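**Student:** Got a structure for you, questions after.
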Amino acid sequence: MRIIFLGTPKFAVPSLEALVKEKHETLLVISQPDRETDRKGNLLPTPVKECTTKLNLPFLSCDNVNQITEELKALKPDVLITVAFGQMLGDDFLSIAPTLNVHASLLPLYRGASPIQASILVGDKKTGITIMQTVKKMDAGDILLQRDIDIKTTDTYETLHDKLSVLGARTLTEVLKQLKEGNIKQIPQDEIKATYTKKIIKTSGSIDWSKSAEDIERQIRAYNPWPSAYSTYAQTGEIIKFYSAIAHKTHTLSDILQGLSDITASNGTILHSSPQNGLFIKCGLDILQITSLQAPSKKILPSSEFLLGRNLIGKFE
RNA sequence: CGCGGAGUAGAGCAAUCGGUAGCUUGUUGGGCUCAUAACCCAAAGGUUGUAGGUUCGAGUCCUGCCUCCGCAA
């Protein structure tokens, strides 16, 4: 099929590669303009742009595709595909040809910018990919196909993102195949069940120690590696980032910690800290054991190594 | 030249005014114990990222370069 592909970040790359592999005719690939910079301030190409250079595909950077609808129409595409593109699409654009979107959740759940993080935060057992029609209302179009995937208790944003981006590519090729054969059903979304997710910002990572250890552990996984869950170490005022942790029931740990610390302390208190046993922090419910963390300007370290060089006392706020 | 931090033993960190480079852990050897991620003794392990400069003397001060990290999503 004749396809115009719109995508920007890493998530979209496997889908684009799949189109090429399935020998669809990729008329044009469009990304947001390059925005990320390295430490020296040089602009970095978007992952999709980088991929097109490698695959030798026609490419265009564009900060508003609604202004080039005529040019796109002239290419006579059969279908337009958006994967994490990042621009609002207007009526003119959507009238060019059927437009499909690859979304990383089981819609109508988690519409919006951070579906992967949302599914981990909530503690869902499953999430998945939805291929749907792109309409003006965000992520609200009719569903063409869904495929689900288990969320493991060890999955972080990064691992789940990578799995879903591959699943997204596979699901997309399936839909295109069905579309070509002309036997595809469209199922409207149940608006009542729709939920929405916001764009993640830096401060989303701030830890509220009055939450349960389980909730905080999921927050750590959902925001690993970015923006990462963090908290202020009261003793020095430094922001410490947390990358992995284990939630323990208070009653199963009280034996281990007995005599070492006061498990009735306030939320955020460091109950125990030693290279041998690890780092334990009091939460609103139960106890969180931090297993890897990072001090400012330092590397991410397992807690055993982190605690060799410095002893943590007091509390996090 | 976007702003900031860092580089010291295998690993993680100290080193006050510029004056003997230490600590924890790991490794190796020995000892002890019913027993441990236990305890005791000993040893090995460093061109302090790199190239220069200042100095009687530089981990420390100055300049260039390399590498890593945070901010900027």
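Going through the structure tokens in order, the chains are called A, B, and so on, while each chain numbers its residues from 1 and the ligands are numbered from 1 in the order shown.
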Taking only region 25-166 of chain A into account, list the residues labelled alpha helix (DSSP H) by DSSP (computed from the backbone), as a ChimeraX atom specification.
**Tutor:** /A:47-55,69-74,91-94,115-122,157-166
**Student:** Select all residues from chain A having any atom no more than 10 Å from an atom of chain B (counting only C-alpha atoms (C1' of nucleotides), ignoring ligands), output as a VMD selection string.
**Tutor:** chain A and resid 35 to 42 200 to 202 226 to 227 275 to 277 294 to 301 304 to 310
**Student:** For G57 (chain B), which residue out of B:G26, B:G19, B:G10, B:G31 is the nearest one, using only C-alpha atoms (C1' of nucleotides)?
**Tutor:**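 Ranking B:G26, B:G19, B:G10, B:G31 by distance to G57 (chain B), first place goes to B:G19.
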**Student:** What is the CA of Ser95 (chain A) to CA of Phe59 (chain A) distance in Å?
**Tutor:**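 Distance reported for this atom pair: 21.5 Å.
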**Student:** Could you list, as a list of chain:residue names, every residue within 9 Å of U8 (chain B), counting only C-alpha atoms (C1' of nucleotides) and ignoring same-chain residues fewer than 4 positions away?
**Tutor:** B:A21, B:G46, B:U48, B:G59
**Student:** Put those residues in a file: N, CA and C atoms (P, O5', C5', C4', C3', O3' and C1' of nucleotides), as a CSV table (one decimal), in the first residue's frame.
**Tutor:**
chain,number,residue,atom,x,y,z
B,21,A,P,52.6,10.4,50.8
B,21,A,O5',51.0,10.3,50.9
B,21,A,C5',50.4,9.3,51.6
B,21,A,C4',48.9,9.5,51.6
B,21,A,C3',48.1,8.2,51.7
B,21,A,O3',47.8,7.9,53.1
B,21,A,C1',47.4,9.5,49.9
B,46,G,P,49.2,-1.1,42.2
B,46,G,O5',48.3,-0.1,41.6
B,46,G,C5',47.4,0.7,42.4
B,46,G,C4',47.3,2.1,42.0
B,46,G,C3',48.7,2.7,41.5
B,46,G,O3',48.5,3.6,40.5
B,46,G,C1',47.9,3.8,43.4
B,48,U,P,49.6,9.5,40.6
B,48,U,O5',48.1,9.0,40.4
B,48,U,C5',47.3,9.6,39.5
B,48,U,C4',45.9,9.6,40.0
B,48,U,C3',45.1,11.0,39.7
B,48,U,O3',43.8,10.7,39.5
B,48,U,C1',45.2,10.6,42.0
B,59,G,P,50.2,15.2,44.2
B,59,G,O5',48.7,14.7,44.1
B,59,G,C5',48.1,14.7,42.9
B,59,G,C4',46.6,14.8,43.0
B,59,G,C3',46.1,16.2,43.2
B,59,G,O3',45.9,16.9,42.0
B,59,G,C1',45.1,14.7,44.8
**Student:** Please list as a PyMOL selection string every residue within 10 Å of Val135 (chain A), counting only C-alpha atoms (C1' of nucleotides) and excluding residues in the same chain fewer than 3 positions away.
**Tutor:** chain A and resi 88-91+94+98-101+132+138-142
**Student:** Could you please take those selected residues and save N, CA and C atoms as an mmCIF file, in the first residue's frame?
**Tutor:**
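Saved the output as out_18.cif:
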data_model
loop_
_atom_site.group_PDB
_atom_site.id
_atom_site.type_symbol
_atom_site.label_atom_id
_atom_site.label_comp_id
_atom_site.auth_asym_id
_atom_site.auth_seq_id
_atom_site.Cartn_x
_atom_site.Cartn_y
_atom_site.Cartn_z
ATOM 1 N N MET A 88 -1.397 17.818 16.824
ATOM 2 C CA MET A 88 -2.844 17.719 16.665
ATOM 3 C C MET A 88 -3.162 17.731 15.164
ATOM 4 N N LEU A 89 -4.118 16.905 14.764
ATOM 5 C CA LEU A 89 -4.436 16.806 13.343
ATOM 6 C C LEU A 89 -5.838 17.362 13.085
ATOM 7 N N GLY A 90 -5.945 18.248 12.114
ATOM 8 C CA GLY A 90 -7.216 18.903 11.832
ATOM 9 C C GLY A 90 -8.027 18.164 10.776
ATOM 10 N N ASP A 91 -9.227 18.693 10.483
ATOM 11 C CA ASP A 91 -10.139 18.051 9.529
ATOM 12 C C ASP A 91 -9.529 17.914 8.140
ATOM 13 N N LEU A 94 -7.158 15.060 8.079
ATOM 14 C CA LEU A 94 -7.801 13.746 8.211
ATOM 15 C C LEU A 94 -8.606 13.373 6.962
ATOM 16 N N PRO A 98 -7.676 7.634 4.731
ATOM 17 C CA PRO A 98 -7.871 7.018 6.050
ATOM 18 C C PRO A 98 -6.594 7.144 6.883
ATOM 19 N N THR A 99 -6.749 7.498 8.142
ATOM 20 C CA THR A 99 -5.600 7.711 9.009
ATOM 21 C C THR A 99 -5.684 6.778 10.206
ATOM 22 N N LEU A 100 -4.614 6.019 10.438
ATOM 23 C CA LEU A 100 -4.571 5.084 11.554
ATOM 24 C C LEU A 100 -3.549 5.538 12.579
ATOM 25 N N ASN A 101 -3.825 5.178 13.843
ATOM 26 C CA ASN A 101 -2.889 5.520 14.899
ATOM 27 C C ASN A 101 -2.543 4.262 15.695
ATOM 28 N N MET A 132 -6.230 2.221 15.967
ATOM 29 C CA MET A 132 -7.552 2.803 15.762
ATOM 30 C C MET A 132 -7.503 3.884 14.709
ATOM 31 N N MET A 138 -8.828 13.335 20.772
ATOM 32 C CA MET A 138 -7.610 12.576 21.021
ATOM 33 C C MET A 138 -7.880 11.112 21.378
ATOM 34 N N ASP A 139 -7.299 10.231 20.596
ATOM 35 C CA ASP A 139 -7.329 8.786 20.846
ATOM 36 C C ASP A 139 -8.744 8.229 21.009
ATOM 37 N N ALA A 140 -9.699 8.823 20.301
ATOM 38 C CA ALA A 140 -11.087 8.426 20.506
ATOM 39 C C ALA A 140 -11.686 7.680 19.313
ATOM 40 N N GLY A 141 -10.884 7.421 18.282
ATOM 41 C CA GLY A 141 -11.422 6.826 17.060
ATOM 42 C C GLY A 141 -11.798 5.357 17.205
ATOM 43 N N ASP A 142 -12.512 4.847 16.190
ATOM 44 C CA ASP A 142 -12.944 3.452 16.203
ATOM 45 C C ASP A 142 -11.742 2.502 16.213
#
**Student:** So that I can see what lies close to Met1 (chain A), please list as a list in words the residues with an atom at most 10 Å from it, counting only C-alpha atoms (C1' of nucleotides) and leaving out residues fewer than 6 positions away in the same chain.
**Tutor:**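 Counting only C-alpha atoms (C1' of nucleotides), the residues come to Leu19, Glu22, Lys23, His24, Glu25, Thr26, Leu27, Pro77, Asp78, Val79, Leu176, Lys177, Leu179 and Lys180 of chain A.
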**Student:** Please run DSSP on the backbone and report, as a ChimeraX atom specification, all residues within region 58-278 of chain A that come out as strand (DSSP E or B).
**Tutor:** /A:59-61,79-83,99-103,111-112,126-133,143-150,187,196-197,206,212,229-233,238-248,269-274,278
**Student:** Return the single residue from A:Leu109, A:Ile192, A:Leu279, A:Leu285 that is closest to Lys315 (chain A), with distances computed using only C-alpha atoms.
**Tutor:**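 Looking only at the distances to Lys315 (chain A), the closest residue turns out to be A:Leu279.
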**Student:** Enter the distance from CA of Asn56 (chain A) to CA of Val20 (chain A), in Å, rounded to one decimal.
**Tutor:**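 Rounded to one decimal, the two atoms are 10.5 Å apart.
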**Student:** When you look at G53 (chain B) with a cut-off of 12 Å (counting only C-alpha atoms (C1' of nucleotides)), what residues show up, excluding the ones that are within fewer than 2 positions of it in the same chain? I need them as a list in words.
**Tutor:**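 Within the cut-off, the hits are A51, U55, A58, C61, C62, U63 and G64 of chain B.
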**Student:** Using only C-alpha atoms (C1' of nucleotides), which residues sit within 10 Å of Ser210 (chain A) once same-chain residues fewer than 6 positions away are excluded, as an mmCIF file with N, CA, C and O atoms, in the first residue's frame?
**Tutor:**
data_model
loop_
_atom_site.group_PDB
_atom_site.id
_atom_site.type_symbol
_atom_site.label_atom_id
_atom_site.label_comp_id
_atom_site.auth_asym_id
_atom_site.auth_seq_id
_atom_site.Cartn_x
_atom_site.Cartn_y
_atom_site.Cartn_z
ATOM 1 N N ILE A 216 4.668 3.277 45.789
ATOM 2 C CA ILE A 216 5.924 3.968 45.501
ATOM 3 C C ILE A 216 6.823 3.088 44.642
ATOM 4 O O ILE A 216 7.490 3.570 43.725
ATOM 5 N N SER A 266 8.144 8.170 61.548
ATOM 6 C CA SER A 266 7.304 8.888 60.599
ATOM 7 C C SER A 266 7.646 8.502 59.164
ATOM 8 O O SER A 266 8.728 7.967 58.889
ATOM 9 N N ASN A 267 6.721 8.798 58.242
ATOM 10 C CA ASN A 267 6.911 8.414 56.844
ATOM 11 C C ASN A 267 8.148 9.076 56.247
ATOM 12 O O ASN A 267 8.378 10.253 56.450
ATOM 13 N N GLY A 268 8.917 8.289 55.512
ATOM 14 C CA GLY A 268 10.129 8.822 54.899
ATOM 15 C C GLY A 268 11.370 8.581 55.745
ATOM 16 O O GLY A 268 12.481 8.807 55.293
ATOM 17 N N LYS A 282 10.551 3.898 55.696
ATOM 18 C CA LYS A 282 9.178 3.804 56.174
ATOM 19 C C LYS A 282 8.231 4.534 55.230
ATOM 20 O O LYS A 282 8.476 5.669 54.842
ATOM 21 N N CYS A 283 7.159 3.851 54.847
ATOM 22 C CA CYS A 283 6.150 4.474 53.988
ATOM 23 C C CYS A 283 4.824 4.561 54.749
ATOM 24 O O CYS A 283 4.711 4.049 55.867
ATOM 25 N N GLY A 284 3.842 5.202 54.126
ATOM 26 C CA GLY A 284 2.531 5.314 54.747
ATOM 27 C C GLY A 284 1.988 3.948 55.124
ATOM 28 O O GLY A 284 1.347 3.773 56.159
ATOM 29 N N LEU A 285 2.245 2.981 54.267
ATOM 30 C CA LEU A 285 1.891 1.602 54.567
ATOM 31 C C LEU A 285 3.084 0.739 54.168
ATOM 32 O O LEU A 285 3.582 0.839 53.059
#
**Student:** Hey, can you check how far CA of Asp63 (chain A) sits from CA of Ile131 (chain A)?
**Tutor:** 24.2 Å
**Student:** Would you please work out which residue, of B:U27, B:G18, B:U60, B:U33, is nearest to G45 (chain B) when using only C-alpha atoms (C1' of nucleotides)?
**Tutor:**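 Comparing B:U27, B:G18, B:U60, B:U33 against G45 (chain B), the winner is B:U27.
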**Student:** Find the residue from A:Asn183, A:Ser228, A:Ser244, A:Ser114 that sits nearest to Thr153 (chain A); use only C-alpha atoms when measuring.
**Tutor:**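 Using only C-alpha atoms, Thr153 (chain A) sits closest to A:Ser244.
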